[in-house]
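Trainee: What follows is my_file-v4.txt, compact mmCIF, C-alpha atoms.
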```txt
# COMPACT_ATOMS: atom_id res chain seq x y z
CA MET A 1 20.13 -9.36 -10.63
CA VAL A 2 23.49 -10.20 -12.24
CA LEU A 3 26.12 -8.76 -9.93
CA ASP A 4 28.55 -8.00 -12.78
CA ASP A 5 26.03 -5.45 -14.07
CA TYR A 6 26.35 -3.57 -10.75
CA PRO A 7 30.11 -2.92 -10.43
CA SER A 8 29.81 -0.41 -7.57
CA LEU A 9 27.71 -2.86 -5.54
CA LYS A 10 30.12 -5.70 -6.30
CA ASP A 11 33.10 -3.57 -5.19
CA PHE A 12 31.24 -2.64 -2.00
CA LEU A 13 30.42 -6.26 -1.12
CA GLU A 14 33.97 -7.45 -1.84
CA SER A 15 35.62 -4.59 0.07
CA GLU A 16 35.34 -6.19 3.52
CA ASP A 17 34.86 -9.60 5.15
CA SER A 18 33.64 -12.51 3.05
CA TRP A 19 30.42 -12.73 5.10
CA TRP A 20 29.22 -9.49 3.43
CA MET A 21 28.88 -11.22 0.06
CA ASN A 22 27.50 -14.32 1.75
CA HIS A 23 24.77 -12.30 3.49
CA TRP A 24 23.90 -10.45 0.29
CA LEU A 25 23.44 -13.80 -1.48
CA TRP A 26 21.23 -14.98 1.42
CA GLY A 27 19.15 -11.83 1.01
CA GLN A 28 18.85 -12.34 -2.74
CA GLU A 29 17.80 -15.98 -2.24
CA PHE A 30 15.22 -14.98 0.39
CA LEU A 31 13.72 -12.30 -1.85
CA LYS A 32 13.49 -14.71 -4.79
CA TYR A 33 11.47 -16.98 -2.51
CA VAL A 34 9.23 -14.07 -1.43
CA GLY A 35 8.75 -13.00 -5.05
CA ARG A 36 7.57 -16.48 -6.01
CA ASN A 37 5.20 -16.97 -3.09
CA LYS A 38 3.96 -13.56 -1.93
CA SER A 39 2.23 -10.52 -3.41
CA THR A 40 4.08 -7.70 -5.18
CA HIS A 41 3.33 -5.41 -2.22
CA THR A 42 4.82 -7.90 0.27
CA PHE A 43 7.89 -8.42 -1.92
CA THR A 44 8.57 -4.67 -2.12
CA ARG A 45 8.15 -4.25 1.65
CA PHE A 46 10.41 -7.24 2.45
CA ARG A 47 13.02 -6.10 -0.07
CA ASN A 48 13.24 -2.63 1.50
CA GLU A 49 13.49 -4.04 5.03
CA THR A 50 16.05 -6.69 4.07
CA GLU A 51 18.28 -4.16 2.30
CA ARG A 52 18.10 -1.78 5.23
CA PHE A 53 18.92 -4.50 7.77
CA LEU A 54 21.90 -5.74 5.76
CA LEU A 55 23.27 -2.21 5.32
CA TRP A 56 23.04 -1.73 9.08
CA LEU A 57 24.92 -5.00 9.64
CA PHE A 58 27.65 -4.03 7.16
CA LEU A 59 28.15 -0.37 8.06
CA PHE A 60 27.14 -0.06 11.73
CA LYS A 61 27.00 -3.34 13.60
CA GLN A 62 29.75 -5.06 11.58
CA LYS A 63 28.60 -8.41 12.88
CA PRO A 64 27.11 -11.38 10.92
CA MET A 65 23.57 -12.61 11.53
CA ASP A 66 24.60 -15.88 13.17
CA ARG A 67 26.29 -13.90 15.98
CA LEU A 68 23.37 -11.57 16.71
CA ASN A 69 21.29 -11.96 19.86
CA LYS A 70 18.13 -10.32 21.19
CA SER A 71 19.93 -7.19 22.41
CA ASP A 72 21.45 -6.68 18.95
CA ILE A 73 18.01 -6.76 17.31
CA LEU A 74 16.70 -4.28 19.89
CA GLU A 75 19.69 -2.08 19.06
CA TYR A 76 18.58 -2.25 15.41
CA ALA A 77 15.08 -1.19 16.50
CA ASP A 78 16.69 1.83 18.22
CA PHE A 79 18.47 2.60 14.97
CA CYS A 80 15.22 2.41 12.95
CA TRP A 81 13.41 4.56 15.51
CA GLN A 82 15.94 7.37 15.10
CA PRO A 83 18.20 6.77 12.08
CA PRO A 84 21.05 9.17 11.26
CA LYS A 85 19.99 12.14 9.14
CA SER A 86 22.44 11.04 6.45
CA TRP A 87 20.25 7.95 5.93
CA ILE A 88 16.97 9.88 5.47
CA CYS A 89 15.61 11.25 2.19
CA THR A 90 12.32 13.07 1.49
CA ALA A 91 11.39 11.64 -1.93
CA ASN A 92 11.36 8.30 -3.71
CA HIS A 93 14.46 7.57 -5.78
CA GLU A 94 15.65 4.53 -7.72
CA LYS A 95 18.50 2.73 -5.97
CA PHE A 96 20.57 2.48 -9.13
CA VAL A 97 20.94 4.54 -12.30
CA PHE A 98 21.88 3.06 -15.67
CA ALA A 99 24.91 4.64 -17.36
CA ASN A 100 27.55 3.40 -19.81
CA GLY A 101 26.05 -0.06 -19.89
CA TYR A 102 26.11 -0.59 -16.11
CA TYR A 103 23.98 0.15 -13.06
CA ASP A 104 25.60 2.52 -10.61
CA GLN A 105 24.50 3.56 -7.14
CA ASN A 106 22.13 6.54 -7.13
CA PRO A 107 23.51 9.05 -4.59
CA LYS A 108 20.01 10.46 -4.05
CA TRP A 109 18.65 7.15 -2.72
CA LEU A 110 18.73 6.67 1.06
CA PRO A 111 17.37 3.80 3.19
CA PHE A 112 14.75 5.82 5.13
CA LYS A 113 12.16 8.28 3.85
CA LEU A 114 10.55 11.16 5.73
CA GLN A 115 6.96 11.32 4.47
CA LEU A 116 6.03 14.95 3.78
CA PRO A 117 2.42 16.18 3.99
CA LYS A 118 0.53 16.26 0.72
CA LYS A 119 0.71 19.66 -1.03
CA SER A 120 3.64 20.71 1.18
CA ASN A 121 5.71 23.72 0.17
CA PRO A 122 8.70 22.45 -1.87
CA ASP A 123 10.80 25.42 -0.70
CA GLN A 124 10.34 24.81 3.02
CA THR A 125 13.28 23.70 5.14
CA ILE A 126 12.88 20.06 6.13
CA ASP A 127 13.90 18.95 9.61
CA LYS A 128 14.93 15.31 9.26
CA LYS A 129 14.99 14.97 13.05
CA LYS A 130 11.18 14.82 12.81
CA TYR A 131 11.39 11.35 11.26
CA LYS A 132 9.60 8.81 13.43
CA PRO A 133 8.32 5.46 12.18
CA SER A 134 4.67 4.62 12.79
CA GLN A 135 3.61 1.57 14.77
CA GLN A 136 2.75 -0.11 11.44
CA THR A 137 6.20 0.66 10.02
CA LEU A 138 7.93 -0.73 13.11
CA SER A 139 5.78 -3.84 13.02
CA ALA A 140 6.54 -4.31 9.30
CA MET A 141 10.26 -4.12 10.07
CA PHE A 142 10.04 -6.93 12.63
CA THR A 143 7.79 -9.02 10.37
CA ALA A 144 10.32 -8.88 7.53
CA ILE A 145 13.41 -9.58 9.67
CA ILE A 146 11.66 -12.45 11.46
CA ALA A 147 10.68 -13.91 8.06
CA PHE A 148 14.27 -13.51 6.81
CA TYR A 149 15.63 -15.41 9.81
CA ARG A 150 12.92 -18.07 9.50
CA TYR A 151 13.82 -18.65 5.84
CA LEU A 152 17.51 -18.99 6.67
CA MET A 153 16.66 -21.45 9.46
CA ASN A 154 14.51 -23.53 7.13
CA GLU A 155 17.44 -23.67 4.68
CA GLU A 156 19.73 -24.62 7.60
CA TYR A 157 21.98 -21.58 7.18
CA LEU A 158 21.18 -20.39 10.72
CA TYR A 159 19.84 -22.02 13.88
CA GLY A 160 18.06 -19.29 15.81
CA ASN A 161 15.69 -16.34 15.36
CA PRO A 162 16.58 -13.51 17.79
CA ALA A 163 14.21 -11.14 15.99
CA GLN A 164 11.24 -13.28 17.03
CA ILE A 165 12.33 -13.10 20.67
CA ALA A 166 13.16 -9.38 20.55
CA LYS A 167 9.83 -8.16 19.17
CA SER A 168 7.92 -8.58 22.43
CA ASP A 169 10.59 -6.57 24.30
CA CYS A 170 10.76 -3.64 21.86
CA ARG A 171 10.07 -0.51 23.92
CA TYR A 172 8.64 1.44 20.98
CA PHE A 173 5.52 -0.67 20.61
CA ILE A 174 2.48 0.93 22.24
CA ARG A 175 -0.54 -1.04 23.39
CA ASP A 176 -3.30 0.59 21.36
CA ALA A 177 -6.59 1.27 23.11
CA GLN A 178 -7.40 4.35 21.06
CA VAL A 179 -10.64 5.16 19.31
CA LYS A 180 -10.05 4.08 15.72
CA GLU A 181 -10.64 6.84 13.20
CA ILE A 182 -11.48 5.49 9.76
CA ARG A 183 -9.80 7.43 6.97
CA ARG A 184 -12.92 8.03 4.90
CA LEU A 185 -14.88 10.77 3.21
CA THR A 186 -18.02 12.19 4.75
CA GLU A 187 -21.28 11.79 2.86
CA SER A 188 -20.98 15.41 1.72
CA GLN A 189 -17.35 15.08 0.61
CA TRP A 190 -18.13 11.91 -1.35
CA GLN A 191 -21.03 13.71 -3.04
CA TYR A 192 -18.68 16.46 -4.21
CA VAL A 193 -16.23 13.91 -5.66
CA PHE A 194 -19.03 11.99 -7.36
CA ASN A 195 -20.69 15.13 -8.74
CA ILE A 196 -17.40 16.48 -10.09
CA ALA A 197 -16.62 13.20 -11.87
CA SER A 198 -20.17 13.04 -13.29
CA GLU A 199 -20.11 16.66 -14.51
CA LEU A 200 -16.69 16.26 -16.14
CA ALA A 201 -17.78 13.03 -17.85
CA ASP A 202 -20.93 14.78 -19.16
CA GLN A 203 -18.78 17.60 -20.56
CA ASP A 204 -15.94 15.50 -21.98
CA PRO A 205 -16.11 11.73 -22.63
CA ILE A 206 -12.44 11.32 -21.70
CA TYR A 207 -13.57 11.58 -18.06
CA GLU A 208 -15.84 8.51 -18.38
CA ARG A 209 -12.84 6.50 -17.19
CA SER A 210 -12.46 8.70 -14.09
CA LEU A 211 -16.16 8.36 -13.21
CA PHE A 212 -16.00 4.58 -13.59
CA ILE A 213 -12.86 4.25 -11.45
CA ILE A 214 -14.12 6.25 -8.47
CA CYS A 215 -17.50 4.47 -8.58
CA ALA A 216 -15.80 1.06 -8.71
CA LEU A 217 -13.41 1.80 -5.84
CA LYS A 218 -16.19 3.14 -3.62
CA ALA A 219 -19.13 0.88 -4.49
CA LEU A 220 -17.13 -2.36 -4.82
CA PHE A 221 -14.71 -1.64 -1.91
CA LEU A 222 -11.67 -2.23 -4.13
CA ARG A 223 -8.06 -1.66 -3.28
CA ILE A 224 -6.35 0.27 -6.07
CA SER A 225 -4.14 -2.77 -6.79
CA GLU A 226 -7.24 -4.92 -7.35
CA LEU A 227 -8.27 -2.76 -10.30
CA SER A 228 -4.76 -2.53 -11.80
CA GLU A 229 -2.77 -4.73 -14.12
CA ARG A 230 -0.09 -6.74 -12.31
CA LYS A 231 2.62 -9.13 -13.35
CA ASP A 232 0.52 -12.17 -12.51
CA TRP A 233 -3.04 -10.86 -13.04
CA ILE A 234 -4.94 -8.64 -15.48
CA PRO A 235 -8.50 -7.64 -14.44
CA VAL A 236 -10.63 -8.18 -17.56
CA MET A 237 -14.28 -7.52 -18.32
CA SER A 238 -15.26 -11.21 -18.16
CA HIS A 239 -14.41 -11.08 -14.45
CA PHE A 240 -17.82 -9.44 -14.16
CA TRP A 241 -20.23 -12.38 -14.28
CA GLN A 242 -23.91 -13.07 -13.68
CA ASP A 243 -25.29 -16.09 -11.82
CA SER A 244 -28.48 -18.03 -12.55
CA ASP A 245 -30.46 -15.69 -10.27
CA GLN A 246 -29.37 -12.65 -12.32
CA ASN A 247 -27.02 -11.42 -9.59
CA TRP A 248 -23.84 -9.73 -10.79
CA TRP A 249 -20.43 -10.54 -9.28
CA LEU A 250 -16.84 -9.44 -9.85
CA LYS A 251 -13.92 -11.85 -9.56
CA ILE A 252 -11.01 -10.17 -7.73
CA TYR A 253 -7.40 -11.20 -7.17
CA GLY A 254 -6.64 -9.72 -3.77
CA LYS A 255 -4.18 -9.75 -0.89
CA GLY A 256 -2.57 -13.04 0.02
CA ARG A 257 -2.82 -14.24 -3.60
CA LYS A 258 -6.49 -15.08 -3.01
CA ILE A 259 -9.28 -14.90 -5.56
CA ARG A 260 -12.71 -13.89 -4.27
CA ASP A 261 -16.06 -12.97 -5.80
CA ILE A 262 -17.65 -9.74 -4.62
CA THR A 263 -21.24 -8.64 -5.04
CA VAL A 264 -21.94 -5.92 -7.62
CA PRO A 265 -24.87 -3.68 -6.57
CA ASN A 266 -27.61 -2.81 -9.04
CA SER A 267 -26.73 0.87 -8.65
CA PHE A 268 -23.28 0.24 -10.18
CA ILE A 269 -24.53 -1.42 -13.37
CA PRO A 270 -25.48 1.88 -15.14
CA TYR A 271 -21.90 3.15 -14.64
CA LEU A 272 -20.49 -0.11 -16.00
CA LYS A 273 -22.77 0.22 -19.06
CA ARG A 274 -21.88 3.89 -19.49
CA TYR A 275 -18.15 3.19 -19.40
CA ARG A 276 -18.46 0.27 -21.80
CA ALA A 277 -20.46 2.43 -24.22
CA TYR A 278 -17.65 5.00 -24.15
CA ARG A 279 -15.22 2.21 -25.12
CA GLY A 280 -17.47 0.94 -27.92
CA LEU A 281 -18.34 -2.31 -26.15
CA THR A 282 -21.68 -4.06 -25.67
CA PRO A 283 -23.73 -2.85 -22.66
CA LEU A 284 -22.72 -5.76 -20.41
CA PRO A 285 -19.69 -8.09 -20.29
CA SER A 286 -19.87 -11.60 -21.70
CA PRO A 287 -17.96 -14.76 -20.72
CA GLY A 288 -14.50 -14.92 -22.27
CA GLU A 289 -14.30 -11.17 -22.91
CA ASN A 290 -10.65 -10.24 -22.38
CA HIS A 291 -10.77 -6.44 -22.60
CA PRO A 292 -9.00 -4.90 -19.56
CA ILE A 293 -11.48 -3.48 -17.05
CA VAL A 294 -9.60 -0.15 -17.11
CA GLU A 295 -7.56 0.28 -20.28
CA LYS A 296 -4.38 2.33 -20.54
CA ILE A 297 -4.62 5.90 -21.80
CA ARG A 298 -1.97 5.08 -24.40
CA GLY A 299 -1.00 1.64 -25.60
CA GLN A 300 -2.55 -1.71 -24.82
CA GLY A 301 -3.34 -3.48 -21.58
CA GLY A 302 -4.63 -2.39 -18.20
CA MET A 303 -3.60 0.57 -16.07
CA THR A 304 -1.02 0.39 -13.30
CA SER A 305 -1.79 1.34 -9.70
CA ARG A 306 0.18 4.55 -10.13
CA GLN A 307 -1.86 5.61 -13.18
CA LEU A 308 -5.14 4.85 -11.40
CA THR A 309 -4.00 6.78 -8.34
CA ARG A 310 -3.25 9.87 -10.43
CA ILE A 311 -6.77 9.80 -11.90
CA VAL A 312 -8.39 9.53 -8.47
CA GLN A 313 -6.17 12.29 -7.09
CA GLU A 314 -7.25 14.62 -9.90
CA MET A 315 -10.90 14.12 -8.89
CA PHE A 316 -10.07 14.77 -5.23
CA ASP A 317 -8.19 17.97 -6.10
CA VAL A 318 -11.02 19.42 -8.19
CA ALA A 319 -13.63 18.40 -5.60
CA TYR A 320 -11.57 19.99 -2.81
CA GLU A 321 -11.36 23.33 -4.62
CA GLN A 322 -15.09 23.35 -5.33
CA MET A 323 -16.11 22.31 -1.79
CA ARG A 324 -13.70 24.81 -0.23
CA SER A 325 -15.20 27.57 -2.39
CA HIS A 326 -18.79 26.63 -1.48
CA GLU A 327 -18.52 25.47 2.14
CA GLY A 328 -15.17 26.63 3.49
CA ASP A 329 -11.85 24.95 4.16
CA ASP A 330 -12.90 23.23 7.42
CA LYS A 331 -15.44 20.99 5.68
CA ALA A 332 -13.28 20.37 2.62
CA ARG A 333 -9.93 19.84 4.35
CA GLN A 334 -10.06 16.03 4.41
CA LEU A 335 -10.31 15.96 0.62
CA LYS A 336 -6.87 17.52 0.54
CA GLU A 337 -5.47 14.64 2.62
CA ALA A 338 -7.46 11.81 1.00
CA SER A 339 -5.92 8.90 -0.91
CA SER A 340 -7.55 6.42 -3.25
CA HIS A 341 -7.86 3.88 -0.37
CA TRP A 342 -10.29 6.25 1.36
CA LEU A 343 -12.91 5.32 -1.26
CA ARG A 344 -12.81 1.67 -0.11
CA HIS A 345 -13.18 2.80 3.52
CA THR A 346 -15.95 5.24 2.55
CA GLY A 347 -18.01 2.60 0.78
CA ALA A 348 -17.58 0.02 3.54
CA SER A 349 -18.36 2.50 6.33
CA MET A 350 -21.55 3.59 4.58
CA GLU A 351 -22.58 -0.07 4.27
CA VAL A 352 -22.13 -0.54 8.03
CA GLU A 353 -24.25 2.55 8.62
CA ARG A 354 -26.87 1.15 6.24
CA GLY A 355 -27.09 -1.92 8.47
CA ARG A 356 -25.70 -4.54 6.14
CA ALA A 357 -24.77 -7.87 7.72
CA LEU A 358 -21.15 -7.75 8.86
CA LYS A 359 -20.43 -11.27 7.55
CA ASP A 360 -21.53 -10.33 4.01
CA LEU A 361 -19.55 -7.09 4.07
CA SER A 362 -16.46 -8.88 5.39
CA GLU A 363 -16.51 -11.35 2.49
CA ASP A 364 -16.87 -8.55 -0.08
CA LEU A 365 -13.95 -6.71 1.52
CA GLY A 366 -11.79 -9.83 1.40
CA HIS A 367 -10.99 -9.83 5.11
CA ALA A 368 -9.61 -13.09 6.45
CA SER A 369 -11.72 -12.69 9.59
CA MET A 370 -14.99 -10.94 10.38
CA ALA A 371 -13.22 -9.60 13.48
CA THR A 372 -11.05 -7.47 11.16
CA THR A 373 -14.13 -5.84 9.66
CA ASP A 374 -15.59 -5.35 13.12
CA THR A 375 -12.37 -3.72 14.41
CA ILE A 376 -11.91 -1.38 11.44
CA TYR A 377 -15.42 -0.30 10.57
CA VAL A 378 -17.86 -0.80 13.41
CA GLN A 379 -17.82 2.43 15.42
CA THR A 380 -21.32 2.29 16.94
CA GLU A 381 -20.18 1.99 20.56
CA ASN A 382 -17.72 4.84 20.16
CA ARG A 383 -20.41 7.06 18.60
CA VAL A 384 -22.72 6.35 21.53
CA ARG A 385 -19.90 7.09 23.98
CA ALA A 386 -19.06 10.36 22.21
CA GLU A 387 -22.71 11.43 22.19
CA SER A 388 -23.13 10.65 25.88
CA GLY A 389 -20.02 12.66 26.71
CA LYS A 390 -20.85 15.81 24.81
CA ASN A 391 -23.02 17.52 27.40
CA ARG A 392 -20.97 17.08 30.55
CA LYS A 393 -20.11 20.36 32.33
CA VAL A 394 -16.75 21.91 33.05
```
Can you dump the structure from the file as structure tokens?
Mentor:
Amino acid sequence: MVLDDYPSLKDFLESEDSWWMNHWLWGQEFLKYVGRNKSTHTFTRFRNETERFLLWLFLFKQKPMDRLNKSDILEYADFCWQPPKSWICTANHEKFVFANGYYDQNPKWLPFKLQLPKKSNPDQTIDKKKYKPSQQTLSAMFTAIIAFYRYLMNEEYLYGNPAQIAKSDCRYFIRDAQVKEIRRLTESQWQYVFNIASELADQDPIYERSLFIICALKALFLRISELSERKDWIPVMSHFWQDSDQNWWLKIYGKGRKIRDITVPNSFIPYLKRYRAYRGLTPLPSPGENHPIVEKIRGQGGMTSRQLTRIVQEMFDVAYEQMRSHEGDDKARQLKEASSHWLRHTGASMEVERGRALKDLSEDLGHASMATTDTIYVQTENRVRAESGKNRKV
């Protein structure tokens, strides 16, 4: 970012003490480091948290980072737990708008966002007092601010990290001993999604892409980002490869900038062949083949995460309407809430129920530890507990 291209931001930073500009440059330097060494998702999250923290310092606390202590960071946690309504929006907006050759502040953008339910009524009155960050959001805030301080310490700009000390004393963190509910589709709901995609593809070849995407996300346990084109990685057909024992694998660039190979089940191969036939390709990929795994609807290259998400959402919407018509809203309701990530959870949960070795599943999922897979997906003990508790008397 060249500051001269953002005159309103430059005026804002130069309007008060010199440490404002100094802190903004620290933030910019930190985010350049994150952008070079972390994933796009991590960069976006750290950028949002860093901007929000600096705005709080400038406009509320009015105190530079080297003078903050633990109580100041806990005060910031209070602020994030219940921010002023004037800082809360209900939709995503760009921070700046381009006009007359310069970028100007977008008045619609605000630091916090109240997440509305999917399919909510656009005419309803929104009570911004209902904003409350989740435990994950609060944890992400501390992670980013701790990392910001750590970077500044490593560069010898600062000599302490009060955010690291404050995290353990934050009163909003709750020790979680709840039964974990996996956000997944039931067997019946998945069957509706799959059948809808299959029927649409049979009727109109344009839906071959949709059928392939939902099968890949579910059967290969992919995150939507792992199927999308990114700045530093394009998933191409040669990433499907076959070993000397005729097993198929898919090379994936996942979280933490790690490449892993995941197993491709035999049941997925017909859908890979079907999709390739639709695109005029040979039945199976060959080494060196650089066609994107999912090509753009218009233009060249692979699809973005946003484009892939829209395709999946269309399948969910059609499946919801059909299941609601046939079986009622109670059984179909989850399809209305589902996101593309539910397909990864659905596929992995079904593998656990099938009895697949947890170690093998963990490696396909790309989890750093088998304990993560065990925590997220293994619900056997809870199912037994629920069954044993059903018949007790009032």
Trainee: One decimal, Å: what's the distance from atom CA of A:Lys128 over to atom CA of A:Thr44, could you say?
Mentor: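 For atom CA of A:Lys128 relative to atom CA of A:Thr44, the distance reads 23.9 Å.
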Trainee: Write out as a list in words the residues lying within 7 Å of A:Ala166, counting all atoms listed in the file and excluding same-chain residues fewer than 6 positions away.
Mentor: Lys70, Ile73 and Leu74 of chain A
Trainee: For A:Ile311, list every protein, DNA or RNA residue within 9 Å, evaluated using all atoms listed in the file, and leave out those in the same chain fewer than 2 positions away; present the list as a PyMOL selection string.
Mentor: chain A and resi 209-210+213-214+306-309+313-316
Trainee: Need the shell around A:Cys215: protein/DNA/RNA residues with any atom at most 9 Å away, counting all atoms listed in the file. Skip same-chain ones fewer than 4 positions apart. Format as a VMD selection string?
Mentor: chain A and resid 194 210 to 211 219 to 220 268 271 343
Trainee: Can you list, as a short mmCIF file (atom, residue, chain, number, x, y, z; two decimals) with C-alpha atoms, keeping the file's coordinate frame, every protein, DNA or RNA residue that comes within 12 Å of A:Gly160 when you count all atoms listed in the file, leaving out same-chain residues fewer than 6 positions away?
Mentor:
```cif
data_model
loop_
_atom_site.label_atom_id
_atom_site.label_comp_id
_atom_site.auth_asym_id
_atom_site.auth_seq_id
_atom_site.Cartn_x
_atom_site.Cartn_y
_atom_site.Cartn_z
CA MET A 65 23.57 -12.61 11.53
CA ASP A 66 24.60 -15.88 13.17
CA ARG A 67 26.29 -13.90 15.98
CA LEU A 68 23.37 -11.57 16.71
CA ASN A 69 21.29 -11.96 19.86
CA LYS A 70 18.13 -10.32 21.19
CA ILE A 146 11.66 -12.45 11.46
CA ALA A 147 10.68 -13.91 8.06
CA PHE A 148 14.27 -13.51 6.81
CA TYR A 149 15.63 -15.41 9.81
CA ARG A 150 12.92 -18.07 9.50
CA TYR A 151 13.82 -18.65 5.84
CA LEU A 152 17.51 -18.99 6.67
CA MET A 153 16.66 -21.45 9.46
CA ASN A 154 14.51 -23.53 7.13
#
```
Trainee: For A:Glu327, which residue among A:Tyr192, A:Ala368, A:Leu361, A:Val34 is the nearest when counting only C-alpha atoms?
Mentor: A:Tyr192
Trainee: For atom CA of A:Asn195 and atom CA of A:Ile293, determine how far apart the two atoms are, in Å to one decimal place.
Mentor: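 These atoms are spaced 22.4 Å apart.
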Trainee: Step by step: locate stretch 228-235 of chain A in the block above, keep all heavy atoms, then write the file as an mmCIF file, in the first residue's frame.
Mentor:
```
data_model
loop_
_atom_site.group_PDB
_atom_site.id
_atom_site.type_symbol
_atom_site.label_atom_id
_atom_site.label_comp_id
_atom_site.auth_asym_id
_atom_site.auth_seq_id
_atom_site.Cartn_x
_atom_site.Cartn_y
_atom_site.Cartn_z
ATOM 1 N N SER A 228 -9.592 -24.637 -4.691
ATOM 2 C CA SER A 228 -9.651 -23.356 -5.394
ATOM 3 C C SER A 228 -8.268 -22.897 -5.840
ATOM 4 O O SER A 228 -7.241 -23.331 -5.323
ATOM 5 C CB SER A 228 -10.262 -22.293 -4.479
ATOM 6 O OG SER A 228 -9.391 -22.015 -3.395
ATOM 7 N N GLU A 229 -8.288 -21.985 -6.803
ATOM 8 C CA GLU A 229 -7.042 -21.359 -7.238
ATOM 9 C C GLU A 229 -6.664 -20.270 -6.246
ATOM 10 O O GLU A 229 -7.494 -19.445 -5.853
ATOM 11 C CB GLU A 229 -7.201 -20.756 -8.634
ATOM 12 C CG GLU A 229 -5.956 -20.047 -9.126
ATOM 13 C CD GLU A 229 -6.046 -19.629 -10.584
ATOM 14 O OE1 GLU A 229 -6.657 -20.358 -11.377
ATOM 15 O OE2 GLU A 229 -5.501 -18.561 -10.918
ATOM 16 N N ARG A 230 -5.394 -20.273 -5.831
ATOM 17 C CA ARG A 230 -4.891 -19.256 -4.909
ATOM 18 C C ARG A 230 -3.664 -18.596 -5.503
ATOM 19 O O ARG A 230 -3.128 -19.047 -6.510
ATOM 20 C CB ARG A 230 -4.549 -19.896 -3.556
ATOM 21 C CG ARG A 230 -5.767 -20.274 -2.736
ATOM 22 C CD ARG A 230 -5.408 -21.207 -1.599
ATOM 23 N NE ARG A 230 -5.276 -22.580 -2.064
ATOM 24 C CZ ARG A 230 -4.817 -23.586 -1.314
ATOM 25 N NH1 ARG A 230 -4.451 -23.357 -0.076
ATOM 26 N NH2 ARG A 230 -4.740 -24.811 -1.798
ATOM 27 N N LYS A 231 -3.234 -17.544 -4.849
ATOM 28 C CA LYS A 231 -2.103 -16.765 -5.370
ATOM 29 C C LYS A 231 -0.862 -17.634 -5.558
ATOM 30 O O LYS A 231 -0.115 -17.466 -6.524
ATOM 31 C CB LYS A 231 -1.825 -15.608 -4.407
ATOM 32 C CG LYS A 231 -0.701 -14.688 -4.826
ATOM 33 C CD LYS A 231 -0.585 -13.503 -3.884
ATOM 34 C CE LYS A 231 -0.269 -13.935 -2.458
ATOM 35 N NZ LYS A 231 -0.075 -12.776 -1.545
ATOM 36 N N ASP A 232 -0.650 -18.558 -4.630
ATOM 37 C CA ASP A 232 0.575 -19.345 -4.662
ATOM 38 C C ASP A 232 0.352 -20.823 -5.007
ATOM 39 O O ASP A 232 1.249 -21.642 -4.838
ATOM 40 C CB ASP A 232 1.301 -19.243 -3.311
ATOM 41 C CG ASP A 232 0.352 -19.440 -2.130
ATOM 42 O OD1 ASP A 232 -0.846 -19.700 -2.374
ATOM 43 O OD2 ASP A 232 0.805 -19.339 -0.976
ATOM 44 N N TRP A 233 -0.840 -21.168 -5.490
ATOM 45 C CA TRP A 233 -1.099 -22.582 -5.809
ATOM 46 C C TRP A 233 -2.320 -22.710 -6.720
ATOM 47 O O TRP A 233 -3.354 -22.091 -6.451
ATOM 48 C CB TRP A 233 -1.336 -23.373 -4.523
ATOM 49 C CG TRP A 233 -1.559 -24.850 -4.718
ATOM 50 C CD1 TRP A 233 -2.753 -25.501 -4.824
ATOM 51 C CD2 TRP A 233 -0.555 -25.866 -4.827
ATOM 52 N NE1 TRP A 233 -2.562 -26.853 -4.968
ATOM 53 C CE2 TRP A 233 -1.215 -27.113 -4.976
ATOM 54 C CE3 TRP A 233 0.836 -25.856 -4.803
ATOM 55 C CZ2 TRP A 233 -0.532 -28.322 -5.109
ATOM 56 C CZ3 TRP A 233 1.513 -27.054 -4.926
ATOM 57 C CH2 TRP A 233 0.838 -28.267 -5.073
ATOM 58 N N ILE A 234 -2.187 -23.497 -7.775
ATOM 59 C CA ILE A 234 -3.326 -23.804 -8.649
ATOM 60 C C ILE A 234 -3.495 -25.322 -8.669
ATOM 61 O O ILE A 234 -2.593 -26.038 -9.137
ATOM 62 C CB ILE A 234 -3.108 -23.287 -10.080
ATOM 63 C CG1 ILE A 234 -2.910 -21.765 -10.089
ATOM 64 C CG2 ILE A 234 -4.298 -23.664 -10.966
ATOM 65 C CD1 ILE A 234 -2.600 -21.202 -11.465
ATOM 66 N N PRO A 235 -4.603 -25.863 -8.152
ATOM 67 C CA PRO A 235 -4.830 -27.312 -8.238
ATOM 68 C C PRO A 235 -5.039 -27.709 -9.705
ATOM 69 O O PRO A 235 -5.948 -27.192 -10.364
ATOM 70 C CB PRO A 235 -6.112 -27.526 -7.414
ATOM 71 C CG PRO A 235 -6.287 -26.279 -6.604
ATOM 72 C CD PRO A 235 -5.698 -25.189 -7.426
#
```
